[in-house]
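Raw final-v6.cif, mmCIF, C-alpha atoms and all ligand atoms:
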data_my_file
#
loop_
_atom_site.label_atom_id
_atom_site.label_comp_id
_atom_site.auth_asym_id
_atom_site.auth_seq_id
_atom_site.Cartn_x
_atom_site.Cartn_y
_atom_site.Cartn_z
CA MET A 3 36.12 37.73 -9.73
CA ILE A 4 35.21 34.03 -10.13
CA LYS A 5 32.89 34.33 -7.13
CA LYS A 6 30.99 37.23 -8.66
CA LEU A 7 30.28 35.47 -11.94
CA ALA A 8 26.56 34.70 -12.26
CA LEU A 9 25.71 31.04 -11.84
CA HIS A 10 24.61 30.54 -15.43
CA TRP A 11 27.98 31.77 -16.67
CA LYS A 12 29.79 29.37 -14.41
CA ILE A 13 27.59 26.57 -15.72
CA ILE A 14 28.19 27.59 -19.35
CA ILE A 15 31.94 27.60 -18.75
CA GLY A 16 31.67 24.15 -17.16
CA MET A 17 29.71 22.89 -20.19
CA VAL A 18 32.14 24.30 -22.74
CA LEU A 19 35.15 22.95 -20.88
CA GLY A 20 33.38 19.59 -20.59
CA VAL A 21 32.82 19.40 -24.35
CA VAL A 22 36.41 20.49 -25.06
CA TYR A 23 37.69 17.90 -22.60
CA GLY A 24 35.48 15.22 -24.20
CA LEU A 25 36.80 16.00 -27.67
CA ILE A 26 40.41 15.86 -26.51
CA ALA A 27 39.76 12.68 -24.54
CA SER A 28 38.17 10.98 -27.59
CA LYS A 29 41.06 12.05 -29.80
CA TYR A 30 43.73 10.74 -27.46
CA GLY A 31 41.81 7.67 -26.38
CA TRP A 32 41.40 8.58 -22.70
CA ILE A 33 38.20 6.58 -22.67
CA ASP A 34 38.91 4.43 -19.62
CA PHE A 35 40.25 7.35 -17.65
CA THR A 36 37.11 9.34 -18.42
CA ASP A 37 34.83 6.43 -17.56
CA ASP A 38 36.63 5.79 -14.29
CA TRP A 39 37.49 9.25 -13.07
CA ILE A 40 35.35 11.91 -14.78
CA LYS A 41 31.95 10.40 -15.50
CA PRO A 42 31.26 9.32 -11.89
CA TRP A 43 31.23 12.97 -10.78
CA GLY A 44 28.47 13.68 -13.28
CA GLY A 45 26.60 10.67 -11.92
CA ILE A 46 27.03 11.87 -8.34
CA PHE A 47 25.73 15.31 -9.27
CA VAL A 48 22.63 13.91 -10.98
CA ASN A 49 22.06 11.53 -8.08
CA LEU A 50 22.14 14.45 -5.66
CA LEU A 51 19.49 16.25 -7.66
CA LYS A 52 17.32 13.16 -7.90
CA LEU A 53 17.79 12.49 -4.22
CA ILE A 54 15.86 15.56 -3.24
CA ALA A 55 13.18 15.38 -5.95
CA VAL A 56 10.66 13.26 -4.00
CA PRO A 57 11.01 15.01 -0.62
CA LEU A 58 10.90 18.39 -2.34
CA VAL A 59 7.74 17.64 -4.30
CA PHE A 60 6.17 16.14 -1.24
CA ALA A 61 6.97 18.93 1.20
CA SER A 62 6.42 21.83 -1.17
CA LEU A 63 3.12 20.52 -2.52
CA ILE A 64 1.72 19.83 0.92
CA LYS A 65 2.85 23.24 2.03
CA GLY A 66 1.45 24.84 -1.12
CA VAL A 67 -1.94 23.15 -1.01
CA ALA A 68 -2.32 23.51 2.76
CA SER A 69 -1.70 27.23 2.53
CA LEU A 70 -4.63 27.70 0.14
CA SER A 71 -7.52 29.28 1.91
CA ASP A 72 -10.07 27.03 0.26
CA ILE A 73 -10.43 24.11 -2.10
CA SER A 74 -12.08 26.18 -4.82
CA LYS A 75 -8.83 28.11 -5.23
CA LEU A 76 -7.01 24.84 -5.79
CA SER A 77 -9.44 23.71 -8.46
CA ARG A 78 -9.22 27.10 -10.15
CA ILE A 79 -5.41 27.08 -10.26
CA GLY A 80 -5.41 23.39 -11.21
CA GLY A 81 -7.90 23.81 -14.04
CA LYS A 82 -6.05 26.79 -15.41
CA THR A 83 -2.69 25.02 -15.24
CA ILE A 84 -3.85 21.88 -16.99
CA ALA A 85 -5.65 23.89 -19.70
CA ILE A 86 -2.51 25.93 -20.51
CA TYR A 87 -0.33 22.82 -20.39
CA LEU A 88 -2.56 21.00 -22.87
CA THR A 89 -2.80 24.00 -25.19
CA SER A 90 0.95 24.53 -25.30
CA THR A 91 1.54 20.83 -26.00
CA VAL A 92 -0.93 20.78 -28.89
CA ILE A 93 0.69 23.94 -30.31
CA SER A 94 4.13 22.36 -30.15
CA VAL A 95 3.04 19.10 -31.83
CA THR A 96 1.41 21.16 -34.57
CA ILE A 97 4.59 23.18 -35.10
CA GLY A 98 6.56 19.93 -35.31
CA LEU A 99 4.15 18.51 -37.88
CA LEU A 100 4.14 21.64 -40.03
CA LEU A 101 7.93 21.73 -40.03
CA VAL A 102 8.53 18.07 -40.78
CA ASN A 103 5.96 18.10 -43.58
CA THR A 104 7.67 21.12 -45.11
CA VAL A 105 11.27 19.97 -44.76
CA ASN A 106 10.53 16.27 -45.47
CA PRO A 107 13.83 15.13 -43.92
CA GLY A 108 13.09 11.44 -44.48
CA MET A 109 12.28 11.64 -48.19
CA GLY A 110 14.86 10.07 -50.45
CA PHE A 111 16.65 8.86 -47.34
CA ASP A 112 17.80 5.27 -47.60
CA LYS A 113 16.89 3.67 -44.30
CA ASP A 114 19.30 0.82 -45.01
CA SER A 115 22.21 3.24 -45.23
CA ILE A 116 22.33 3.38 -41.46
CA ILE A 117 24.58 0.66 -40.23
CA GLN A 118 22.99 -0.90 -37.19
CA THR A 119 25.62 -1.68 -34.65
CA GLU A 120 24.83 -4.23 -32.00
CA SER A 121 24.40 -1.58 -29.37
CA VAL A 122 21.90 0.37 -31.50
CA GLN A 123 19.90 -2.79 -32.09
CA GLU A 124 20.02 -3.66 -28.43
CA GLY A 125 19.00 -0.13 -27.42
CA THR A 126 16.12 -0.10 -29.89
CA ASN A 127 14.82 -3.43 -28.66
CA LYS A 128 14.97 -2.22 -25.07
CA LYS A 129 12.86 0.86 -25.90
CA ILE A 130 10.32 -1.28 -27.76
CA GLU A 131 10.14 -3.69 -24.81
CA ALA A 132 9.67 -0.83 -22.37
CA ALA A 133 6.85 0.56 -24.48
CA LYS A 134 5.04 -2.78 -24.57
CA ASP A 135 4.14 -2.48 -20.90
CA VAL A 136 2.55 0.89 -21.53
CA LYS A 137 0.76 -0.16 -24.71
CA GLY A 138 -0.88 -3.30 -23.39
CA SER A 139 -3.13 -1.35 -21.01
CA GLY A 140 -6.70 0.02 -21.24
CA PRO A 141 -7.64 3.69 -21.76
CA LEU A 142 -8.05 4.40 -18.05
CA GLN A 143 -4.83 2.68 -17.02
CA PHE A 144 -3.23 6.12 -16.83
CA LEU A 145 -5.66 7.16 -14.10
CA ILE A 146 -5.26 3.88 -12.23
CA ASP A 147 -1.51 4.40 -12.24
CA VAL A 148 -1.85 7.86 -10.73
CA VAL A 149 -3.37 6.42 -7.54
CA PRO A 150 -0.71 4.66 -5.48
CA THR A 151 -1.49 1.60 -3.41
CA ASN A 152 1.35 2.28 -1.06
CA ILE A 153 2.88 5.68 -0.52
CA PHE A 154 6.28 4.31 0.50
CA ASP A 155 6.39 2.25 -2.64
CA ALA A 156 5.50 5.29 -4.71
CA ALA A 157 8.07 7.47 -2.99
CA SER A 158 10.80 4.91 -3.57
CA ASN A 159 11.01 5.57 -7.29
CA ASN A 160 11.34 8.93 -9.02
CA ARG A 161 9.34 7.55 -11.92
CA ASN A 162 6.27 7.49 -9.71
CA MET A 163 6.29 11.23 -9.23
CA LEU A 164 2.67 11.57 -10.32
CA GLN A 165 1.65 9.19 -7.52
CA VAL A 166 3.58 11.25 -5.00
CA ILE A 167 1.90 14.39 -6.35
CA PHE A 168 -1.50 12.72 -5.98
CA PHE A 169 -0.88 11.76 -2.37
CA ALA A 170 0.57 15.16 -1.47
CA ILE A 171 -2.41 17.02 -2.97
CA PHE A 172 -4.80 14.64 -1.19
CA PHE A 173 -2.95 15.17 2.09
CA GLY A 174 -2.94 18.96 1.59
CA ILE A 175 -6.67 19.04 0.82
CA ALA A 176 -7.43 17.11 4.00
CA MET A 177 -5.35 19.63 5.93
CA VAL A 178 -7.31 22.56 4.50
CA MET A 179 -10.57 20.85 5.47
CA LEU A 180 -9.56 20.46 9.12
CA PRO A 181 -9.81 23.33 11.63
CA ASP A 182 -6.58 25.33 11.92
CA GLY A 183 -5.61 24.25 15.43
CA LYS A 184 -5.43 20.57 14.47
CA THR A 185 -2.81 21.00 11.77
CA THR A 186 -0.50 23.66 13.20
CA TYR A 187 2.35 21.26 14.00
CA VAL A 188 2.12 19.34 10.76
CA LYS A 189 2.16 22.63 8.82
CA GLY A 190 5.20 23.81 10.74
CA PHE A 191 6.91 20.48 10.11
CA PHE A 192 6.45 20.62 6.34
CA ASP A 193 7.40 24.32 6.25
CA GLY A 194 10.66 23.46 7.93
CA ILE A 195 11.35 20.46 5.69
CA ASN A 196 10.67 22.61 2.65
CA ASP A 197 13.13 25.29 3.74
CA ILE A 198 15.80 22.71 4.49
CA ILE A 199 15.43 21.12 1.08
CA LEU A 200 15.63 24.46 -0.71
CA GLN A 201 18.84 25.09 1.21
CA ILE A 202 20.13 21.72 0.00
CA VAL A 203 19.34 22.77 -3.57
CA ASP A 204 21.46 25.89 -3.07
CA ILE A 205 24.34 23.78 -1.82
CA ILE A 206 24.09 21.32 -4.70
CA MET A 207 23.99 24.16 -7.20
CA MET A 208 27.41 25.29 -6.05
CA ALA A 209 28.69 22.07 -7.57
CA ALA A 210 26.72 22.53 -10.79
CA PRO A 211 29.57 23.87 -12.98
CA TYR A 212 31.72 20.84 -12.07
CA GLY A 213 28.79 18.47 -12.42
CA VAL A 214 27.94 19.62 -15.95
CA PHE A 215 31.63 19.46 -16.89
CA ALA A 216 31.72 15.79 -15.96
CA LEU A 217 28.35 15.03 -17.56
CA LEU A 218 29.20 16.63 -20.89
CA GLY A 219 32.80 15.36 -20.94
CA GLY A 220 31.49 11.82 -20.47
CA LEU A 221 28.78 12.24 -23.12
CA VAL A 222 31.14 13.53 -25.79
CA VAL A 223 33.43 10.57 -25.19
CA ASP A 224 30.47 8.20 -25.61
CA PHE A 225 29.44 9.83 -28.85
CA GLY A 226 32.88 9.98 -30.39
CA ALA A 227 32.32 6.84 -32.40
CA SER A 228 29.06 7.73 -34.05
CA ALA A 229 30.01 10.85 -35.98
CA ASP A 230 28.78 9.31 -39.25
CA LEU A 231 25.34 8.81 -37.83
CA PHE A 232 25.32 12.43 -36.78
CA ILE A 233 25.93 13.57 -40.32
CA ALA A 234 23.43 11.17 -41.86
CA LEU A 235 20.70 12.43 -39.60
CA ALA A 236 21.57 16.10 -39.71
CA LYS A 237 18.45 17.10 -41.60
CA TYR A 238 16.15 15.29 -39.20
CA SER A 239 17.95 16.75 -36.20
CA ALA A 240 17.89 20.24 -37.71
CA THR A 241 14.10 19.99 -38.14
CA VAL A 242 13.64 19.05 -34.48
CA ILE A 243 16.04 21.76 -33.35
CA VAL A 244 14.36 24.49 -35.43
CA GLY A 245 11.02 23.46 -33.91
CA LEU A 246 12.44 23.59 -30.39
CA LEU A 247 14.02 26.98 -31.04
CA LEU A 248 10.68 28.27 -32.33
CA MET A 249 9.08 27.21 -29.06
CA ILE A 250 11.69 29.01 -26.96
CA PHE A 251 12.11 32.15 -29.02
CA VAL A 252 8.66 32.63 -30.56
CA VAL A 253 5.87 30.73 -28.78
CA TYR A 254 6.95 31.07 -25.14
CA PRO A 255 7.74 34.79 -25.37
CA ILE A 256 4.22 35.44 -26.70
CA ILE A 257 2.45 33.77 -23.77
CA PRO A 258 3.90 35.86 -20.91
CA LYS A 259 3.60 38.99 -23.04
CA ILE A 260 -0.18 38.60 -22.98
CA PHE A 261 -0.45 37.91 -19.26
CA THR A 262 2.53 39.54 -17.53
CA LYS A 263 4.64 42.67 -17.57
CA MET A 264 7.85 40.65 -17.40
CA LYS A 265 10.31 41.11 -20.26
CA TYR A 266 11.18 37.82 -21.89
CA LYS A 267 14.86 38.72 -21.67
CA ASP A 268 14.50 38.90 -17.90
CA PHE A 269 12.58 35.64 -17.81
CA PHE A 270 15.37 34.05 -19.77
CA LYS A 271 18.07 35.37 -17.45
CA GLY A 272 16.22 34.07 -14.43
CA ILE A 273 15.52 30.59 -15.75
CA MET A 274 18.83 29.99 -17.54
CA PRO A 275 20.58 27.90 -14.86
CA ALA A 276 17.62 25.51 -14.91
CA GLN A 277 17.84 25.31 -18.71
CA MET A 278 21.54 24.50 -18.51
CA LEU A 279 20.84 21.72 -16.06
CA ALA A 280 18.02 20.39 -18.20
CA PHE A 281 20.48 20.26 -21.08
CA SER A 282 23.18 18.53 -19.07
CA THR A 283 20.98 16.01 -17.26
CA SER A 284 18.28 15.35 -19.93
CA SER A 285 15.83 15.03 -17.11
CA SER A 286 13.02 17.38 -16.13
CA ALA A 287 12.70 15.52 -12.83
CA ALA A 288 16.35 15.97 -11.92
CA THR A 289 16.10 19.65 -12.88
CA LEU A 290 12.88 20.23 -10.91
CA PRO A 291 14.43 21.44 -7.66
CA VAL A 292 16.39 24.08 -9.55
CA THR A 293 13.41 25.05 -11.73
CA MET A 294 11.43 25.67 -8.55
CA GLU A 295 14.18 27.64 -6.89
CA ARG A 296 14.72 29.81 -9.98
CA CYS A 297 10.99 30.50 -10.41
CA GLU A 298 10.47 31.43 -6.78
CA ASP A 299 13.64 33.33 -5.93
CA HIS A 300 14.58 34.79 -9.28
CA LEU A 301 11.37 35.20 -11.27
CA GLY A 302 9.06 36.12 -8.42
CA VAL A 303 6.55 33.28 -8.75
CA SER A 304 4.85 32.65 -5.41
CA GLU A 305 5.62 29.43 -3.63
CA GLU A 306 1.94 28.54 -3.65
CA VAL A 307 1.85 28.55 -7.44
CA SER A 308 5.30 27.15 -8.16
CA SER A 309 4.96 24.24 -5.76
CA PHE A 310 1.83 23.11 -7.53
CA VAL A 311 2.43 24.05 -11.17
CA LEU A 312 6.07 22.98 -11.55
CA PRO A 313 6.06 19.39 -10.19
CA LEU A 314 2.93 18.73 -12.21
CA GLY A 315 4.53 20.30 -15.28
CA ALA A 316 7.73 18.30 -14.92
CA THR A 317 5.69 15.12 -15.13
CA ILE A 318 2.91 15.94 -17.59
CA ASN A 319 3.94 18.98 -19.64
CA MET A 320 6.56 18.12 -22.22
CA ASP A 321 6.26 20.40 -25.21
CA GLY A 322 9.74 19.60 -26.48
CA THR A 323 9.08 15.88 -26.25
CA SER A 324 5.77 16.06 -28.09
CA LEU A 325 7.26 18.19 -30.87
CA TYR A 326 10.13 15.74 -31.25
CA GLN A 327 7.75 12.79 -31.35
CA ALA A 328 5.77 14.37 -34.18
CA VAL A 329 8.89 15.07 -36.25
CA ALA A 330 10.42 11.66 -35.52
CA ALA A 331 7.23 9.77 -36.39
CA VAL A 332 6.88 11.49 -39.76
CA PHE A 333 10.62 11.16 -40.45
CA ILE A 334 10.56 7.42 -39.84
CA ALA A 335 7.41 7.05 -41.96
CA GLN A 336 9.14 8.92 -44.78
CA ALA A 337 12.26 6.77 -44.45
CA TYR A 338 9.98 3.75 -44.90
CA SER A 339 8.42 5.51 -47.94
CA MET A 340 5.03 5.68 -46.26
CA ASP A 341 2.65 8.54 -47.03
CA LEU A 342 0.70 9.77 -44.05
CA ASP A 343 -2.82 11.05 -44.70
CA MET A 344 -4.62 13.79 -42.78
CA GLY A 345 -6.22 11.27 -40.41
CA GLN A 346 -2.82 9.85 -39.52
CA GLN A 347 -1.38 13.33 -38.97
CA LEU A 348 -4.25 14.11 -36.59
CA THR A 349 -3.61 10.81 -34.85
CA ILE A 350 -0.05 12.03 -34.32
CA VAL A 351 -1.35 15.22 -32.67
CA LEU A 352 -3.49 13.18 -30.29
CA THR A 353 -1.03 10.38 -29.51
CA ALA A 354 2.03 12.63 -29.23
CA THR A 355 0.13 14.83 -26.78
CA LEU A 356 -0.85 11.81 -24.68
CA ALA A 357 2.54 10.13 -25.07
CA SER A 358 4.35 13.24 -23.86
CA ILE A 359 2.02 13.45 -20.86
CA GLY A 360 2.76 9.82 -20.09
CA ALA A 361 6.52 10.09 -20.62
CA ALA A 362 8.56 9.98 -17.44
CA ALA A 363 10.76 13.01 -16.83
CA VAL A 364 13.95 11.00 -17.28
CA PRO A 365 16.48 10.65 -20.12
CA GLY A 366 15.20 8.80 -23.16
CA ALA A 367 11.59 8.51 -21.97
CA GLY A 368 10.31 10.40 -25.00
CA MET A 369 11.73 7.74 -27.29
CA VAL A 370 10.03 4.93 -25.40
CA MET A 371 6.70 6.68 -25.76
CA LEU A 372 7.37 7.32 -29.43
CA VAL A 373 6.69 3.61 -29.95
CA ILE A 374 3.05 4.33 -29.12
CA VAL A 375 2.83 7.13 -31.67
CA LEU A 376 4.42 4.90 -34.32
CA GLY A 377 2.05 2.07 -33.46
CA ALA A 378 -1.00 4.31 -33.77
CA ILE A 379 -0.12 5.33 -37.34
CA GLY A 380 1.10 1.91 -38.42
CA VAL A 381 4.80 2.73 -38.80
CA PRO A 382 7.26 -0.11 -37.97
CA THR A 383 8.71 0.40 -34.51
CA GLU A 384 12.06 -0.94 -35.71
CA GLY A 385 12.39 2.48 -37.33
CA LEU A 386 13.53 3.74 -33.92
CA ALA A 387 16.96 2.40 -34.83
CA LEU A 388 17.22 5.13 -37.47
CA ILE A 389 17.12 7.94 -34.96
CA PHE A 390 18.83 6.20 -32.08
CA GLY A 391 22.24 7.70 -32.79
CA VAL A 392 21.10 11.29 -32.38
CA ASP A 393 18.50 10.79 -29.71
CA ARG A 394 20.63 11.73 -26.74
CA ILE A 395 21.54 15.14 -28.04
CA LEU A 396 17.94 15.84 -29.08
CA ASP A 397 16.83 14.62 -25.67
CA MET A 398 19.04 17.25 -24.06
CA MET A 399 17.50 19.96 -26.19
CA ARG A 400 13.88 18.88 -25.83
CA THR A 401 14.32 18.71 -22.06
CA VAL A 402 15.35 22.40 -22.12
CA VAL A 403 12.06 23.17 -23.88
CA ASN A 404 10.11 20.99 -21.44
CA VAL A 405 11.53 22.88 -18.47
CA THR A 406 11.16 26.30 -20.09
CA GLY A 407 7.52 25.50 -20.86
CA ASP A 408 6.83 24.60 -17.24
CA ALA A 409 8.44 27.80 -15.99
CA THR A 410 6.54 29.89 -18.56
CA VAL A 411 3.23 28.44 -17.43
CA ALA A 412 4.15 28.93 -13.76
CA THR A 413 4.85 32.60 -14.46
CA VAL A 414 1.58 33.04 -16.32
CA VAL A 415 -0.51 31.24 -13.70
CA ALA A 416 1.15 33.31 -10.97
CA ALA A 417 0.45 36.53 -12.86
CA THR A 418 -3.22 35.72 -13.39
CA GLU A 419 -3.54 34.89 -9.68
CA GLY A 420 -1.86 38.15 -8.68
CA GLN A 421 1.04 36.12 -7.28
CA LEU A 422 3.94 37.30 -9.44
CA ARG A 423 6.32 39.51 -7.45
CA VAL A 424 8.44 42.06 -9.31
CA VAL A 425 12.06 41.00 -8.84
CA SER A 426 15.14 43.18 -8.62
CA GLU A 427 17.98 43.08 -11.15
CA GLU A 428 20.14 41.52 -8.46
CA GLU A 429 17.73 38.64 -7.83
CA LEU A 430 17.51 38.04 -11.56
CA MET A 431 21.24 37.77 -12.06
CA SER A 432 22.34 35.89 -8.97
N1 LIG B 1 14.18 13.71 -21.07
C1 LIG B 1 12.91 14.35 -21.22
C2 LIG B 1 12.56 15.05 -19.93
O1 LIG B 1 12.99 14.64 -18.87
C3 LIG B 1 11.81 13.42 -21.61
C4 LIG B 1 12.09 12.89 -22.98
O2 LIG B 1 12.80 11.90 -23.11
O3 LIG B 1 11.65 13.51 -23.95
O4 LIG B 1 11.85 16.03 -19.94
#
Turn the structure described in the file into structure tokens.
Ligand code: ASP
Amino acid sequence: MIKKLALHWKIIIGMVLGVVYGLIASKYGWIDFTDDWIKPWGGIFVNLLKLIAVPLVFASLIKGVASLSDISKLSRIGGKTIAIYLTSTVISVTIGLLLVNTVNPGMGFDKDSIIQTESVQEGTNKKIEAAKDVKGSGPLQFLIDVVPTNIFDAASNNRNMLQVIFFAIFFGIAMVMLPDGKTTYVKGFFDGINDIILQIVDIIMMAAPYGVFALLGGLVVDFGASADLFIALAKYSATVIVGLLLMIFVVYPIIPKIFTKMKYKDFFKGIMPAQMLAFSTSSSAATLPVTMERCEDHLGVSEEVSSFVLPLGATINMDGTSLYQAVAAVFIAQAYSMDLDMGQQLTIVLTATLASIGAAAVPGAGMVMLVIVLGAIGVPTEGLALIFGVDRILDMMRTVVNVTGDATVATVVAATEGQLRVVSEEELMS
């Protein structure tokens, strides 16, 4: 019976049990026990996922690009992908802005009513510091950063995923340009590596229900103390959550409807395990291997498309993050009793789009980049402290949207390229 349960059910059960455990542990003060004996398993699980991110992106992209018959196909798929990514991000920022300007969660909110504990202050300062490095650079710094000076250096840090992507695409293009006979062995090598890594993903996923149990159990214990903050910021959080739900249940279903024959319900079933992991890990990068596996094996996206569209999406397409940044920026401005004019709202659209592209696919990155949005509209960055208490939970939710957005675009790009296989009910559910 247990064996037959679909993976997403097992993961949901793990999540629910994790939350229940966390609540009980907070109530009875099992904090040390949880820190010592439960949390590490969540850490191990996330580490395993991160461990394969770089080799997976590397092998699958090289394989993907090298299997293209010509470079023009790559530029066509690439252009299409980036155009849809940008459009969906601008749509999501706009939804966030419309919502926050309607709900006005920060109006009449006394910013001094939030008690700033030492850890909140410390956390806020850290985010502001981290953002300084990004802010102090010129307009083309982003492009300079994409080109690595040393591939081993780049591959040694998951934050440099865009650099790894750059090198892999470059490598793949060179392979396409060479006559077939010269690259046979290299192609075979990367094909093999790719298959091995996908097998590793399958193995790791067997541990997913236990991993999410430990992750969520540990998180609930951490949050136990800040229940007051949760309540104080409920309106702000609700605005972000409504926006995120609109993306998942209104915007994303419309896009595949235009381009594919796939029912959104089926899409949802197929991608759900990746969404659960996005929620539990708060990291698009850590979820990437599973997003790829789900898209290929359970949604029917060809490897050629998924291996290009998804790693790129995990790093540059963050619809949930950009929506959150728009709502948070306006909320903080309102809490400081600042009125934002049309020009400032448009600045939010532009900076939140860029900031979400620049945000690393790791927990809390969206908040670091929020500093840039705040700076651009002249809102004090100290305002981050106001939303700090609820950021983790919103991070979990916006990461689900980020990952769903990537998978939606992968499906659409595959469909327009004639590379979306019709999957069986069994493939969908397994
Ligand atoms: N955690 C998000 C992600 O990995 C980024 C963010 O902080 O918004 O997609």
Open item on the list: List as a ChimeraX atom specification the protein and nucleic acid residues lying within 8 Å of ligand LIG 1 (chain B), with all atoms listed in the file counted.
Closed with: /A:280,284-288,316-317,320,322-324,326,358,361-370,397-398,400-402,404-405
Selection file, C-alpha atoms, as an mmCIF file, in the frame of the given file:
data_model
loop_
_atom_site.group_PDB
_atom_site.id
_atom_site.type_symbol
_atom_site.label_atom_id
_atom_site.label_comp_id
_atom_site.auth_asym_id
_atom_site.auth_seq_id
_atom_site.Cartn_x
_atom_site.Cartn_y
_atom_site.Cartn_z
ATOM 1 C CA ALA A 280 18.020 20.390 -18.200
ATOM 2 C CA SER A 284 18.280 15.350 -19.930
ATOM 3 C CA SER A 285 15.830 15.030 -17.110
ATOM 4 C CA SER A 286 13.020 17.380 -16.130
ATOM 5 C CA ALA A 287 12.700 15.520 -12.830
ATOM 6 C CA ALA A 288 16.350 15.970 -11.920
ATOM 7 C CA ALA A 316 7.730 18.300 -14.920
ATOM 8 C CA THR A 317 5.690 15.120 -15.130
ATOM 9 C CA MET A 320 6.560 18.120 -22.220
ATOM 10 C CA GLY A 322 9.740 19.600 -26.480
ATOM 11 C CA THR A 323 9.080 15.880 -26.250
ATOM 12 C CA SER A 324 5.770 16.060 -28.090
ATOM 13 C CA TYR A 326 10.130 15.740 -31.250
ATOM 14 C CA SER A 358 4.350 13.240 -23.860
ATOM 15 C CA ALA A 361 6.520 10.090 -20.620
ATOM 16 C CA ALA A 362 8.560 9.980 -17.440
ATOM 17 C CA ALA A 363 10.760 13.010 -16.830
ATOM 18 C CA VAL A 364 13.950 11.000 -17.280
ATOM 19 C CA PRO A 365 16.480 10.650 -20.120
ATOM 20 C CA GLY A 366 15.200 8.800 -23.160
ATOM 21 C CA ALA A 367 11.590 8.510 -21.970
ATOM 22 C CA GLY A 368 10.310 10.400 -25.000
ATOM 23 C CA MET A 369 11.730 7.740 -27.290
ATOM 24 C CA VAL A 370 10.030 4.930 -25.400
ATOM 25 C CA ASP A 397 16.830 14.620 -25.670
ATOM 26 C CA MET A 398 19.040 17.250 -24.060
ATOM 27 C CA ARG A 400 13.880 18.880 -25.830
ATOM 28 C CA THR A 401 14.320 18.710 -22.060
ATOM 29 C CA VAL A 402 15.350 22.400 -22.120
ATOM 30 C CA ASN A 404 10.110 20.990 -21.440
ATOM 31 C CA VAL A 405 11.530 22.880 -18.470
#
Task: Pick from A:Ile205, A:Ile93, A:Val244, A:Val292 nearest to Val351 of chain A, counting only C-alpha atoms - done: A:Ile93
Find the smallest box with edges along x, y and z containing every listed atom of segment 54-58 of chain A, then add 4 Å on each side and report centre and edge lengths in Å to one decimal, as AutoDock Vina command-line options.
--center_x 13.3 --center_y 15.8 --center_z -3.3 --size_x 13.2 --size_y 13.1 --size_z 13.3
Task: Which residue of A:Asp408, A:Leu396, A:Glu384, A:Phe168 approaches Lys128 of chain A most closely, using only C-alpha atoms - done: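 Answer, going by the shortest atom-to-atom distance: A:Glu384.
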Task: Two-atom distance - atom CA of Leu100 of chain A, atom CA of Ile250 of chain A (Å) - done: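 A separation of 16.8 Å between them.
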Task: Contact residues around segment 385-391 of chain A with all atoms listed in the file at 6 Å, ignoring same-chain residues under 3 positions, as a VMD selection string - done: chain A and resid 126 334 382
Some atoms are missing, so please complete segment 69-77 of chain A with N, CA, C and O atoms and return it as a CSV table (one decimal), in the frame of the given file.
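Final file, part_3.csv:
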chain,number,residue,atom,x,y,z
A,69,SER,N,-1.6,25.8,2.3
A,69,SER,CA,-1.7,27.2,2.5
A,69,SER,C,-2.8,27.9,1.7
A,69,SER,O,-3.1,29.1,1.9
A,70,LEU,N,-3.5,27.1,0.9
A,70,LEU,CA,-4.6,27.7,0.1
A,70,LEU,C,-5.8,27.9,1.1
A,70,LEU,O,-6.0,27.1,2.0
A,71,SER,N,-6.5,29.0,0.9
A,71,SER,CA,-7.5,29.3,1.9
A,71,SER,C,-8.7,28.3,1.7
A,71,SER,O,-9.4,28.0,2.7
A,72,ASP,N,-9.0,28.0,0.5
A,72,ASP,CA,-10.1,27.0,0.3
A,72,ASP,C,-9.8,26.2,-1.0
A,72,ASP,O,-9.0,26.4,-1.8
A,73,ILE,N,-10.6,25.1,-1.0
A,73,ILE,CA,-10.4,24.1,-2.1
A,73,ILE,C,-10.8,24.7,-3.5
A,73,ILE,O,-10.2,24.3,-4.5
A,74,SER,N,-11.7,25.7,-3.5
A,74,SER,CA,-12.1,26.2,-4.8
A,74,SER,C,-10.9,26.9,-5.5
A,74,SER,O,-10.7,26.9,-6.7
A,75,LYS,N,-10.0,27.5,-4.7
A,75,LYS,CA,-8.8,28.1,-5.2
A,75,LYS,C,-7.9,27.1,-5.9
A,75,LYS,O,-7.4,27.3,-7.0
A,76,LEU,N,-7.8,25.9,-5.2
A,76,LEU,CA,-7.0,24.8,-5.8
A,76,LEU,C,-7.6,24.4,-7.1
A,76,LEU,O,-6.8,24.2,-8.1
A,77,SER,N,-8.9,24.2,-7.2
A,77,SER,CA,-9.4,23.7,-8.5
A,77,SER,C,-9.3,24.8,-9.5
A,77,SER,O,-9.1,24.5,-10.7
